Amino acid sequence: MSALCGGGTVWKLTSQATPVLRTKAAPLLEIVHKQADPLQQFPESFPLQVAVLWTNPGSDPENPLPLVHSLKEMGIPFFITRDLGQALRHHLVILYPSVDSHTFTPLQADQLTTFVRQGGFIFAQNVFWGGLQNLFGFRSFAPLRTRHHLAFSATKDAVTKYLNRAEERETQLGSDQFPEVIWSNGYVPDAGAEVLAHFDDGSAALLTNSVGKGKVYLLGLSLLDVVLRNQNNHDYEAQRHYVNAFEPGADVWLLVLRAWYEAYGRDWVRLATIPGGQRSALLLSHDVDWENSFAPGLDFARIEKANQAGSTFFVQTKYVDDANSKAFFFAPNLDILRQLKAGGSTVGSHSIIHSRGFNKFELGSGRETYPSYQPRGLGFDTASGATVFGEVRVSKELLDGEIPGQDTIFFRAGHLRVPVSLPEALERSGYQFDSSFTADDVLSNFPFALPRGLGFEEDSDIYEFPVTIEDEESPGFAKRVPQALQVILANAENGAVSVVLVHSNESVLKAAAEQDLLRQLPPDIVKTDMLTFASFWRARDRLQWSLTATSVPTEAVLQVKSEESVVGLTFEFQRPIASVTGGATMFPDNRHLVLPELAPGHGVSLHINYQH
Ligand SMILES: [Zn+2]
């Protein structure tokens with residue numbers, strides 16, 4: 001059937017309709033489960049860490065994954081414990097996921113109160129126990145699934161520091177089309193407590209209460225519902241737009257935690273979201289999903305190079321004719337892909353048949369390969385012979401076989417349709433990154449680890465980079481550049497990123513519009529292809545770091561170890577720095593350090609001298 005040829009496989013044709021294409025085999029990988037115990041996965045290692053007290057250690061405890069996502073995305077150091085004494089040795093404590101009458105003894109309630117009175121800070125969600133209602137400042141609460149909206153109060157509190165825009169001051173918990181949405185606990189506050197956000201029925205959603213030298217915060221929602229449920233798209237259509245708008249409905253809770261850490265952490269240090277000490281990143285991408293979309297790609301690449309930017313081309317490897325289109329994954333289109341790759345653009349997969357029914361496809365066997373895999377679109381959203389594995393794995397084998405030096409690890413689904421088996425199919429086929437959701441739909445503008453099965457229990461090895469701006473919604477990208485810029489600037493304020501998708505079906509209007517956008521970007525927004533930023537984010541997410549004091553009060557040691565090669569890792573410091581060793585670059589504000597390039601498995605130790 002086949003003959004090896006220069007590392008690739010040349011298939012003899014069995015069907016005249018299928019062109020001869022080179023493939024590079026993608027081995028079928030097994031799922032590797034990470035350390036299942038959060039206590040061992042996130043151990044205590046330095047005093048600055050936020051202590052996460054995991055409060056429901058029953059036989060089937062709710063996984064702290066939603067909080068892990070939130071803290072890691074914000075670069076806040078933390079550890080997870082079930083030991084109250086260990087938690088209270090740290091200055092900042094989070095109680096997760098809830099507190100009921102079985103969580104603490106009366107003696108432990110006293111310990112918590114004493115901790116706060118003496119200057120400790122607690123952030124908790126869903127406290128139901130009367131034994132702690134004085135500490136948290138509530139008289140009663142009412143659980144309901146009928147609250148749909150949340151609004152932050154006009155009061156200024158440190159934790160709402162980053163919530164300056166209308167879209168951040170009010171969020172939606174679920175669409176009004178559903179009578180019941182997520183559970184919320186509306187609190188009736190004590191006279192001394194301050195309400196920082198309320199639900200549509202007037203009850204308190206976020207409370208704060210000052211006790212002695214310390215302060216507590218209480219949220220009447222679960223991060224499982226307002227962060228992870230949005231990210232894995234199991235929300236009750238909580239988004240206010242689908243694409244091309246600023247939708248920070250999940251991000252507000254990440255930003256509240258960030259502001260809480262920065263307000264009350266002592267000499268806090270945070271791992272920044274953007275490389276090189278910059279404020280934000282614009283990630284450019286093109287979908288190549290039509291026979292005439294290849295040649296214009298060269299124009300986009302040229303304009304991007306001229307504007308110190310780059311992009312990722314997501315290519316549909318269409319080698320079959322079907323009801324939707326003729327095949328087009330052959331010469332001279334393949335020559336154009338090779339040119340794009342040689343010119344510095346990066347390439348991802350955009351599936352094979354680009355079906356609207358992709359989210360309903362079977363997972364498949366993982367043995368799908370070219371040319372025996374023969375999927376065909378039959379109509380609007382129906383297909384025959386198609387599987388999720390086939391679409392992701394065979395497209396990778398073809399791109400890797402036909403483009404020298406290509407290793408396809410980025411995927412984007414056709415029509416942004418996402419099956420729940422996508423993380424598994426991607427992981428097992430050797431991918432690392434996906435961009436198949438819209439940022440508005442997942443209510444988040446930060447990249448995140450895609451949970452396995454799009455569930456709530458464990459992360460896959462795939463990171464998601466949702467699409468912020470696309471080009472096709474009326475009146476078209478060329479007429480929406482000012483609006484796109486506003487969304488990008490809103491994300492930049494939060495240290496979030498913006499992903500732009502421009503189809504390369506024409507390069508006259510769209511490439512000019514893209515250039516217009518690039519030229520209007522502030523200089524502290526990085527312009528880059530998706531793969532370069534995604535590789536940075538993966539290394540950042542897996543980074544191990546610690547900050548320890550020395551015997552000299554104005555000194556500290558930052559130790560960093562990366563599993564993979566990474567450029568531009570940046571740490572933000574509360575306390576101004578006078579000098580640093582170890583090859584790090586200090587920014588003029590004396591509060592940002594950019595690390596030297598790290599090699600895989602290598603660490604660096606920076607000695608920091610703070611200003612007096
Ligand atoms: Zn497409």
# chains A, B, ... in the order shown; residues from 1 in each chain; ligands from 1
call {"tool": "residues_around", "arguments": {"residues": "Glu572 in chain A", "least_positions_apart": "2", "cutoff": "9 Å", "atoms": "only C-alpha atoms", "output": "PDB file with all heavy atoms, in the first residue's frame"}}
result
ATOM      1  N   TRP A 268       3.775  41.740  47.751  1.00  0.00           N
ATOM      2  CA  TRP A 268       3.330  40.699  46.811  1.00  0.00           C
ATOM      3  C   TRP A 268       4.145  40.685  45.518  1.00  0.00           C
ATOM      4  O   TRP A 268       4.695  41.710  45.091  1.00  0.00           O
ATOM      5  CB  TRP A 268       1.835  40.823  46.506  1.00  0.00           C
ATOM      6  CG  TRP A 268       1.393  42.147  45.919  1.00  0.00           C
ATOM      7  CD1 TRP A 268       0.831  43.188  46.588  1.00  0.00           C
ATOM      8  CD2 TRP A 268       1.477  42.564  44.539  1.00  0.00           C
ATOM      9  NE1 TRP A 268       0.552  44.221  45.721  1.00  0.00           N
ATOM     10  CE2 TRP A 268       0.935  43.863  44.462  1.00  0.00           C
ATOM     11  CE3 TRP A 268       1.936  41.956  43.369  1.00  0.00           C
ATOM     12  CZ2 TRP A 268       0.854  44.577  43.260  1.00  0.00           C
ATOM     13  CZ3 TRP A 268       1.865  42.664  42.169  1.00  0.00           C
ATOM     14  CH2 TRP A 268       1.322  43.966  42.123  1.00  0.00           C
ATOM     15  N   VAL A 269       4.169  39.528  44.919  1.00  0.00           N
ATOM     16  CA  VAL A 269       4.806  39.322  43.612  1.00  0.00           C
ATOM     17  C   VAL A 269       3.832  38.502  42.775  1.00  0.00           C
ATOM     18  O   VAL A 269       3.198  37.575  43.286  1.00  0.00           O
ATOM     19  CB  VAL A 269       6.139  38.565  43.744  1.00  0.00           C
ATOM     20  CG1 VAL A 269       6.777  38.353  42.374  1.00  0.00           C
ATOM     21  CG2 VAL A 269       7.087  39.315  44.659  1.00  0.00           C
ATOM     22  N   ARG A 270       3.707  38.852  41.514  1.00  0.00           N
ATOM     23  CA  ARG A 270       2.749  38.164  40.636  1.00  0.00           C
ATOM     24  C   ARG A 270       3.430  37.841  39.318  1.00  0.00           C
ATOM     25  O   ARG A 270       4.210  38.638  38.799  1.00  0.00           O
ATOM     26  CB  ARG A 270       1.557  39.101  40.390  1.00  0.00           C
ATOM     27  CG  ARG A 270       0.346  38.464  39.762  1.00  0.00           C
ATOM     28  CD  ARG A 270      -0.790  39.485  39.657  1.00  0.00           C
ATOM     29  NE  ARG A 270      -0.486  40.520  38.672  1.00  0.00           N
ATOM     30  CZ  ARG A 270      -0.793  40.428  37.382  1.00  0.00           C
ATOM     31  NH1 ARG A 270      -1.410  39.370  36.908  1.00  0.00           N
ATOM     32  NH2 ARG A 270      -0.482  41.407  36.540  1.00  0.00           N
ATOM     33  N   LEU A 271       3.113  36.663  38.792  1.00  0.00           N
ATOM     34  CA  LEU A 271       3.617  36.261  37.471  1.00  0.00           C
ATOM     35  C   LEU A 271       2.711  36.898  36.416  1.00  0.00           C
ATOM     36  O   LEU A 271       1.525  36.575  36.320  1.00  0.00           O
ATOM     37  CB  LEU A 271       3.591  34.728  37.363  1.00  0.00           C
ATOM     38  CG  LEU A 271       4.000  34.113  36.037  1.00  0.00           C
ATOM     39  CD1 LEU A 271       5.402  34.544  35.626  1.00  0.00           C
ATOM     40  CD2 LEU A 271       3.907  32.587  36.126  1.00  0.00           C
ATOM     41  N   ALA A 272       3.279  37.814  35.633  1.00  0.00           N
ATOM     42  CA  ALA A 272       2.460  38.592  34.697  1.00  0.00           C
ATOM     43  C   ALA A 272       1.937  37.718  33.561  1.00  0.00           C
ATOM     44  O   ALA A 272       2.511  36.687  33.222  1.00  0.00           O
ATOM     45  CB  ALA A 272       3.276  39.753  34.136  1.00  0.00           C
ATOM     46  N   GLY A 277       7.233  42.306  29.845  1.00  0.00           N
ATOM     47  CA  GLY A 277       6.808  43.482  30.585  1.00  0.00           C
ATOM     48  C   GLY A 277       5.762  44.307  29.859  1.00  0.00           C
ATOM     49  O   GLY A 277       5.483  45.438  30.239  1.00  0.00           O
ATOM     50  N   THR A 570       7.703  37.515  32.898  1.00  0.00           N
ATOM     51  CA  THR A 570       7.747  38.782  33.607  1.00  0.00           C
ATOM     52  C   THR A 570       7.096  38.643  34.980  1.00  0.00           C
ATOM     53  O   THR A 570       6.024  38.049  35.102  1.00  0.00           O
ATOM     54  CB  THR A 570       7.006  39.862  32.794  1.00  0.00           C
ATOM     55  OG1 THR A 570       7.639  39.964  31.514  1.00  0.00           O
ATOM     56  CG2 THR A 570       7.057  41.210  33.497  1.00  0.00           C
ATOM     57  N   GLN A 574       5.157  44.420  44.085  1.00  0.00           N
ATOM     58  CA  GLN A 574       4.554  45.541  44.787  1.00  0.00           C
ATOM     59  C   GLN A 574       5.622  46.551  45.205  1.00  0.00           C
ATOM     60  O   GLN A 574       5.457  47.753  45.087  1.00  0.00           O
ATOM     61  CB  GLN A 574       3.821  45.044  46.035  1.00  0.00           C
ATOM     62  CG  GLN A 574       3.205  46.177  46.847  1.00  0.00           C
ATOM     63  CD  GLN A 574       2.562  45.687  48.128  1.00  0.00           C
ATOM     64  OE1 GLN A 574       2.979  44.684  48.700  1.00  0.00           O
ATOM     65  NE2 GLN A 574       1.536  46.386  48.567  1.00  0.00           N
ATOM     66  N   ARG A 591       9.307  48.002  39.007  1.00  0.00           N
ATOM     67  CA  ARG A 591       8.369  47.022  39.576  1.00  0.00           C
ATOM     68  C   ARG A 591       8.133  45.825  38.672  1.00  0.00           C
ATOM     69  O   ARG A 591       7.390  44.919  39.028  1.00  0.00           O
ATOM     70  CB  ARG A 591       7.043  47.702  39.931  1.00  0.00           C
ATOM     71  CG  ARG A 591       7.175  48.701  41.105  1.00  0.00           C
ATOM     72  CD  ARG A 591       5.833  49.234  41.554  1.00  0.00           C
ATOM     73  NE  ARG A 591       4.897  48.146  41.742  1.00  0.00           N
ATOM     74  CZ  ARG A 591       3.711  48.065  41.116  1.00  0.00           C
ATOM     75  NH1 ARG A 591       3.318  49.009  40.304  1.00  0.00           N
ATOM     76  NH2 ARG A 591       2.913  47.038  41.329  1.00  0.00           N
ATOM     77  N   HIS A 592       8.734  45.832  37.493  1.00  0.00           N
ATOM     78  CA  HIS A 592       8.614  44.678  36.592  1.00  0.00           C
ATOM     79  C   HIS A 592       9.995  44.133  36.261  1.00  0.00           C
ATOM     80  O   HIS A 592      10.878  44.896  35.863  1.00  0.00           O
ATOM     81  CB  HIS A 592       7.901  45.065  35.291  1.00  0.00           C
ATOM     82  CG  HIS A 592       6.440  45.324  35.463  1.00  0.00           C
ATOM     83  ND1 HIS A 592       5.946  46.514  35.942  1.00  0.00           N
ATOM     84  CD2 HIS A 592       5.359  44.529  35.229  1.00  0.00           C
ATOM     85  CE1 HIS A 592       4.622  46.450  35.979  1.00  0.00           C
ATOM     86  NE2 HIS A 592       4.242  45.254  35.562  1.00  0.00           N
ATOM     87  N   LEU A 593      10.164  42.830  36.403  1.00  0.00           N
ATOM     88  CA  LEU A 593      11.397  42.162  36.012  1.00  0.00           C
ATOM     89  C   LEU A 593      11.103  41.202  34.870  1.00  0.00           C
ATOM     90  O   LEU A 593      10.175  40.404  34.944  1.00  0.00           O
ATOM     91  CB  LEU A 593      11.969  41.343  37.173  1.00  0.00           C
ATOM     92  CG  LEU A 593      12.566  42.083  38.351  1.00  0.00           C
ATOM     93  CD1 LEU A 593      13.145  41.063  39.331  1.00  0.00           C
ATOM     94  CD2 LEU A 593      13.645  43.058  37.902  1.00  0.00           C
TER      95      LEU A 593
END
call {"tool": "residues_near_ligand", "arguments": {"ligand": "ligand 1", "cutoff": "12 Å", "atoms": "only C-alpha atoms and all ligand atoms", "output": "MDAnalysis selection string"}}
result
chainID A and resid 285:291 293 313:318 349:356 358 411:417 435:436 470:472 501:505
call {"tool": "closest_residue", "arguments": {"among": "A:Pro553, A:Pro576, A:Gly214, A:Gly476", "to": "Asn590 in chain A", "atoms": "only C-alpha atoms"}}
result
A:Pro576
call {"tool": "atom_distance", "arguments": {"atom1": "CA of Pro296 in chain A", "atom2": "CA of Val499 in chain A"}}
result
20.0 Å
call {"tool": "select_by_dssp", "arguments": {"residues": "range 102-236 of chain A", "states": "strand (DSSP E or B)", "output": "ChimeraX atom specification"}}
result
/A:121-125,127,138-144,149-152,170-172,184-189,194-199,204-211,214-219
call {"tool": "residues_around", "arguments": {"residues": "Ile274 in chain A", "least_positions_apart": "6", "cutoff": "9 Å", "atoms": "only C-alpha atoms", "output": "number ranges by chain"}}
result
A: 280-281, 495-497, 526, 533, 536-537, 568-570
call {"tool": "atom_distance", "arguments": {"atom1": "CA of Gly582 in chain A", "atom2": "CA of Pro596 in chain A"}}
result
8.0 Å
call {"tool": "residues_around", "arguments": {"residues": "range 361-363 of chain A", "least_positions_apart": "6", "cutoff": "12 Å", "atoms": "only C-alpha atoms", "output": "number ranges by chain"}}
result
A: 353-355, 375, 377, 381-393, 417-426, 428, 453
call {"tool": "write_last_selection", "arguments": {"atoms": "N, CA, C and O atoms", "output": "tab-separated table (two decimals), in the first residue's frame"}}
result
chain	number	residue	atom	x	y	z
A	353	ILE	N	-13.12	18.53	6.69
A	353	ILE	CA	-14.35	18.89	5.95
A	353	ILE	C	-15.07	20.10	6.55
A	353	ILE	O	-16.08	20.53	6.01
A	354	HIS	N	-14.55	20.65	7.69
A	354	HIS	CA	-15.08	21.94	8.15
A	354	HIS	C	-16.59	21.89	8.30
A	354	HIS	O	-17.33	22.72	7.78
A	355	SER	N	-17.05	20.90	9.06
A	355	SER	CA	-18.49	20.67	9.13
A	355	SER	C	-19.14	21.44	10.26
A	355	SER	O	-18.62	21.52	11.36
A	375	PRO	N	-14.10	11.32	4.83
A	375	PRO	CA	-15.27	12.02	5.35
A	375	PRO	C	-15.92	12.85	4.23
A	375	PRO	O	-15.24	13.30	3.31
A	377	GLY	N	-19.06	15.92	3.78
A	377	GLY	CA	-20.21	16.70	4.20
A	377	GLY	C	-21.38	16.39	3.29
A	377	GLY	O	-21.21	16.30	2.07
A	381	ASP	N	-25.38	20.51	8.09
A	381	ASP	CA	-24.59	20.09	9.26
A	381	ASP	C	-24.51	18.57	9.39
A	381	ASP	O	-24.35	18.04	10.48
A	382	THR	N	-24.63	17.88	8.26
A	382	THR	CA	-24.55	16.42	8.29
A	382	THR	C	-23.34	15.96	7.50
A	382	THR	O	-22.87	16.66	6.59
A	383	ALA	N	-22.83	14.78	7.87
A	383	ALA	CA	-21.64	14.26	7.21
A	383	ALA	C	-21.64	12.75	7.30
A	383	ALA	O	-22.28	12.16	8.18
A	384	SER	N	-20.91	12.11	6.41
A	384	SER	CA	-20.73	10.66	6.49
A	384	SER	C	-19.25	10.36	6.62
A	384	SER	O	-18.41	11.09	6.10
A	385	GLY	N	-18.94	9.29	7.34
A	385	GLY	CA	-17.56	8.81	7.44
A	385	GLY	C	-16.66	9.74	8.23
A	385	GLY	O	-15.43	9.60	8.17
A	386	ALA	N	-17.21	10.69	8.97
A	386	ALA	CA	-16.38	11.69	9.65
A	386	ALA	C	-16.36	11.44	11.16
A	386	ALA	O	-17.38	11.07	11.74
A	387	THR	N	-15.19	11.62	11.78
A	387	THR	CA	-15.06	11.52	13.24
A	387	THR	C	-14.22	12.69	13.74
A	387	THR	O	-13.53	13.36	12.95
A	388	VAL	N	-14.28	12.92	15.05
A	388	VAL	CA	-13.47	13.99	15.64
A	388	VAL	C	-11.99	13.65	15.47
A	388	VAL	O	-11.19	14.49	15.03
A	389	PHE	N	-11.63	12.41	15.80
A	389	PHE	CA	-10.24	11.99	15.61
A	389	PHE	C	-9.79	12.18	14.15
A	389	PHE	O	-8.70	12.68	13.88
A	390	GLY	N	-10.64	11.75	13.22
A	390	GLY	CA	-10.27	11.86	11.82
A	390	GLY	C	-9.97	13.29	11.43
A	390	GLY	O	-8.96	13.59	10.78
A	391	GLU	N	-10.82	14.21	11.87
A	391	GLU	CA	-10.66	15.62	11.49
A	391	GLU	C	-9.39	16.24	12.08
A	391	GLU	O	-8.72	17.03	11.42
A	392	VAL	N	-9.05	15.88	13.32
A	392	VAL	CA	-7.89	16.53	13.92
A	392	VAL	C	-6.59	15.78	13.60
A	392	VAL	O	-5.56	16.40	13.34
A	393	ARG	N	-6.67	14.46	13.55
A	393	ARG	CA	-5.44	13.67	13.43
A	393	ARG	C	-4.98	13.59	11.97
A	393	ARG	O	-3.80	13.77	11.66
A	417	ARG	N	-17.38	25.00	15.96
A	417	ARG	CA	-18.24	24.01	16.62
A	417	ARG	C	-17.36	23.08	17.44
A	417	ARG	O	-16.37	22.55	16.91
A	418	VAL	N	-17.68	22.87	18.72
A	418	VAL	CA	-16.77	22.15	19.60
A	418	VAL	C	-17.44	20.91	20.21
A	418	VAL	O	-18.34	21.03	21.04
A	419	PRO	N	-17.01	19.71	19.82
A	419	PRO	CA	-17.51	18.50	20.48
A	419	PRO	C	-16.85	18.33	21.85
A	419	PRO	O	-15.71	18.77	22.04
A	420	VAL	N	-17.55	17.68	22.80
A	420	VAL	CA	-16.96	17.52	24.13
A	420	VAL	C	-15.73	16.63	24.09
A	420	VAL	O	-14.89	16.68	24.97
A	421	SER	N	-15.60	15.82	23.05
A	421	SER	CA	-14.44	14.94	22.95
A	421	SER	C	-13.23	15.64	22.32
A	421	SER	O	-12.18	15.03	22.15
A	422	LEU	N	-13.36	16.93	22.00
A	422	LEU	CA	-12.24	17.60	21.32
A	422	LEU	C	-10.95	17.60	22.13
A	422	LEU	O	-9.89	17.29	21.59
A	423	PRO	N	-11.00	17.93	23.45
A	423	PRO	CA	-9.74	17.91	24.20
A	423	PRO	C	-9.03	16.56	24.12
A	423	PRO	O	-7.81	16.51	23.90
A	424	GLU	N	-9.79	15.47	24.24
A	424	GLU	CA	-9.17	14.13	24.19
A	424	GLU	C	-8.58	13.85	22.81
A	424	GLU	O	-7.44	13.38	22.70
A	425	ALA	N	-9.35	14.15	21.76
A	425	ALA	CA	-8.84	13.88	20.41
A	425	ALA	C	-7.57	14.70	20.14
A	425	ALA	O	-6.62	14.20	19.53
A	426	LEU	N	-7.56	15.93	20.60
A	426	LEU	CA	-6.38	16.78	20.38
A	426	LEU	C	-5.18	16.26	21.17
A	426	LEU	O	-4.08	16.11	20.63
A	428	ARG	N	-4.56	13.29	22.34
A	428	ARG	CA	-4.07	11.97	21.92
A	428	ARG	C	-3.45	12.02	20.53
A	428	ARG	O	-2.72	11.12	20.13
A	453	GLY	N	-13.12	16.40	28.49
A	453	GLY	CA	-14.54	16.19	28.30
A	453	GLY	C	-15.34	17.48	28.46
A	453	GLY	O	-16.56	17.43	28.62
